[in-house]
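Notes follow the structure.
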Amino acid sequence: MKISNLHRLVQMAATASVAMGLAVSAHAQEEPKLIINGEQEMITHAIPPAYIDGLSESISGWVFRTKETQALELDDFDNPGMIFVDQAQELWDKEMGPENKSCASCHGDVSSMKGVRTVMPKFNEKAGELWTLEDYINDSLTTHMGMEPWGYTSTEMTAMAALIGNQSRGMPMNVAIDGPAAPYWAKGKEMYYTRTGVLELSCASCHEDNYGNYIRADHLSQGQINGMPSYRMKNAKLNGIHARFKGCVKDTKAETYKPGGPEFHALELYVASRGNGLSVESPSVRN
Amino acid sequence: MNFTRREALIIGAGAVTAAALPMQAFAAAIDDAIAAFTGGAETTDSGITLTAPEIAENGNTVPISVSAPGAESITILASGNPTPNVLTFTFGPLAGSQEASSRIRLAGTQDVIAIAKMKDGTFAMTSSAVKVTIGGCGG
Amino acid sequence: MAKGVKPRVKVPKKATAGEVITIKTLISHKMESGQRKDKDGNIIPRSIINTFTCDFNGQNVISVELHGAVSTNPYFQFEAKVPESGEFVFTWLDDDGSTYTDKKSITVA
């Protein structure tokens, strides 16, 4: 046997201390910067809005990843999420449905979507409810293109959300929480601090009280959603906000809410507001 | 299979035995895979560089790069995967260097091995230990 | 042909004679390893890209033999020597018999 088991054992024994060492050294070293394609710098640290009690600083999830994972987001070619953005671009220009219309038929070039992602979710006056980017996409499909809605977490939907989000890349998140959005925000905040599941964890247990620490081998982030949809190495595809929430709730060993349902709408608004000021990174790359 | 004295001692240690057993099964496969590439020839440990992360956040996507100036081909093997073969780069006349990168899957914490076949028929081998995070929630 | 397979290649448009350039390639492919089981416990058959080649004006730059342990959406980065103006041809071979190709021209000034 050429590769020594001793080597392996030492490595295993060292894992715990290495993990702790990382947490310390992250502060000692100079913070890496997220500059995409060598030209566009993202805001990865921001002062949270005054109405957020539990955070002194909002930090992008990118900061918590290893340098190898971070590197995947530095260049659009290296970012596998961009495959799906390319696919959504083709979909944007494709005439679909009984009306034979494409997204471009009404909206022109997708660059017209610049800024849209920064204010999502937002209260839609006409519908009288809080709408996410996905709701706006489905409204276009059903109201203007005569099509069936896409599944809330379907591949097409998540890819389209990434393409539209990508138009706002670099712009700071800026969701409104006042006026008609206020009750949704309050409900979302309550959910954020409510412990659920067999493990009795709230969102705050991990992402406010313990970000920067390890839960088993996972380096906890603040659970910010400014980078969504995210290409995750875990499942090698783009993941939307509600699909990610669902995964988190399941991890507490609780019955989860339905993606696209009212609970996750409220939670999305609250969590988005915690990241107001951070750059849109869609599509980000995470583990 | 030949154990060095130190390795034999470790495997003898009770708490470790359970963890080491499945690795012995993989060890046979990796030795076979190495022999298949080298034809059983001796390997040197200089002239090849393998770059892999010390800690991979997810075993599904582990970035690696290899460099072996003067190599005809380089193979990558994963000692702890159910099937050790990962990929083989063969450099043509218009290769700008004998260096290449890819992203690979690792089933768990293990040694990744790179072997270069040099133009003079000799072989160079190196390995790199990669700890694969088994978390699940993803941070 | 497997669904949704799309190659992406990054090659500089210009080079000087004899220059060594960096090439990056990525193809969307699930790379089903043959190691996974479905819900009923049956092995999901292997379905991967098994070979990748890059040639320039008919001469080989690199060829790669892939196994099931290459990640979903296979990515390669390597270097090529560019003796003259011409065309890079990239070819991926799928287990199912499909061939995917992409071409990129480069001008030597």
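A note on labels: chains of the structure tokens are A, B, ... as shown, every chain counts residues from 1, and ligands are counted from 1 in their shown order.
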Proximity of chain C to chain B: per-residue shortest pair, 8 Å limit, only C-alpha atoms, as CSV:
```
residue,atom,partner,partner_atom,distance
C:Val20,CA,B:Gly96,CA,5.2
C:Ile21,CA,B:Gly96,CA,7.1
C:Phe56,CA,B:Leu94,CA,7.6
C:Gln59,CA,B:Leu94,CA,6.7
C:Asn60,CA,B:Gly92,CA,4.7
C:Val61,CA,B:Gly92,CA,4.5
C:Ile62,CA,B:Phe91,CA,4.6
C:Ser63,CA,B:Thr90,CA,5.2
C:Val64,CA,B:Phe89,CA,4.6
C:Glu65,CA,B:Thr88,CA,5.1
C:Leu66,CA,B:Leu87,CA,4.6
C:His67,CA,B:Val86,CA,5.1
C:Gly68,CA,B:Val86,CA,6.8
C:Ala69,CA,B:Arg105,CA,4.9
C:Val70,CA,B:Ile104,CA,4.4
C:Ser71,CA,B:Ile104,CA,4.8
C:Thr72,CA,B:Thr61,CA,7.9
C:Pro74,CA,B:Arg103,CA,7.0
C:Tyr75,CA,B:Ser102,CA,5.3
C:Phe76,CA,B:Ser102,CA,4.8
C:Gln77,CA,B:Ser101,CA,5.0
C:Phe78,CA,B:Ala100,CA,4.6
C:Glu79,CA,B:Gly96,CA,4.6
C:Ala80,CA,B:Gly96,CA,4.0
C:Lys81,CA,B:Gly96,CA,4.5
C:Val82,CA,B:Leu94,CA,7.4
```
Selection file, C-alpha atoms, as a compact mmCIF listing (two decimals), in the first residue's frame:
```
# COMPACT_ATOMS: atom_id res chain seq x y z
CA VAL C 20 0.82 30.07 -25.76
CA ILE C 21 -2.82 30.82 -24.93
CA PHE C 56 -6.00 23.19 -34.14
CA GLN C 59 -3.15 18.93 -35.12
CA ASN C 60 -3.96 17.77 -31.63
CA VAL C 61 -3.67 20.06 -28.60
CA ILE C 62 -5.06 17.80 -25.89
CA SER C 63 -7.30 14.79 -25.53
CA VAL C 64 -8.96 13.72 -22.32
CA GLU C 65 -10.38 10.35 -21.28
CA LEU C 66 -13.17 10.90 -18.73
CA HIS C 67 -14.60 8.53 -16.15
CA GLY C 68 -17.62 8.80 -13.86
CA ALA C 69 -15.70 10.85 -11.28
CA VAL C 70 -15.55 13.97 -13.44
CA SER C 71 -18.03 16.54 -12.08
CA THR C 72 -21.38 17.43 -13.62
CA PRO C 74 -17.26 18.92 -17.22
CA TYR C 75 -14.77 21.78 -17.13
CA PHE C 76 -11.24 21.86 -18.56
CA GLN C 77 -8.56 24.48 -18.66
CA PHE C 78 -5.33 23.98 -20.65
CA GLU C 79 -2.82 25.79 -22.83
CA ALA C 80 -2.30 25.71 -26.60
CA LYS C 81 0.48 26.89 -28.85
CA VAL C 82 -0.75 28.93 -31.81
```
**OP:** Any chance you could list, as an MDAnalysis selection string, the residues in region 1-106 of chain C that come up strand (DSSP E) when DSSP is run on the backbone?
**Re:** chainID C and resid 7:10 14:15 19:27 49:56 59:66 75:82 86:94 99:106
Subject >> Who sits within 9 Å of Leu163 (chain A), only C-alpha atoms, same chain under 6 positions skipped, as an NGL selection string >> reply: :A and (82 or 84-89 or 92 or 110 or 282-283)
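Selecting chain A residues within 6 Å of chain B and counting only C-alpha atoms yields Met1, Ala217, Asp218, His219, Leu220, Ser221, Met233 and Asn287 of chain A.
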I need the contact residues of chain C against chain A, so if you could list those with any atom within 10 Å, counting only C-alpha atoms, and return them as a compact mmCIF listing (two decimals) with C-alpha atoms, in the first residue's frame, that would help.
```
# COMPACT_ATOMS: atom_id res chain seq x y z
CA GLY C 4 -29.86 20.29 -22.79
CA VAL C 5 -26.21 19.62 -23.66
CA LYS C 6 -24.48 22.85 -24.58
CA PRO C 7 -20.76 23.47 -25.02
CA ARG C 8 -19.11 26.72 -23.97
CA VAL C 9 -15.55 27.58 -24.99
CA LYS C 10 -13.35 30.55 -24.17
CA LYS C 24 -11.32 27.03 -21.02
CA THR C 25 -14.14 24.66 -21.95
CA LEU C 26 -17.34 23.66 -20.22
CA ILE C 27 -20.21 21.51 -21.40
CA SER C 28 -23.57 21.14 -19.69
CA LYS C 30 -25.25 15.56 -15.97
CA SER C 71 -18.03 16.54 -12.08
CA THR C 72 -21.38 17.43 -13.62
CA ASN C 73 -20.86 20.01 -16.40
CA PRO C 74 -17.26 18.92 -17.22
CA TYR C 75 -14.77 21.78 -17.13
CA PHE C 76 -11.24 21.86 -18.56
CA GLN C 77 -8.56 24.48 -18.66
```
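When CA of Asp45 (chain B) is paired with CA of Cys54 (chain C), their separation reads 29.1 Å.
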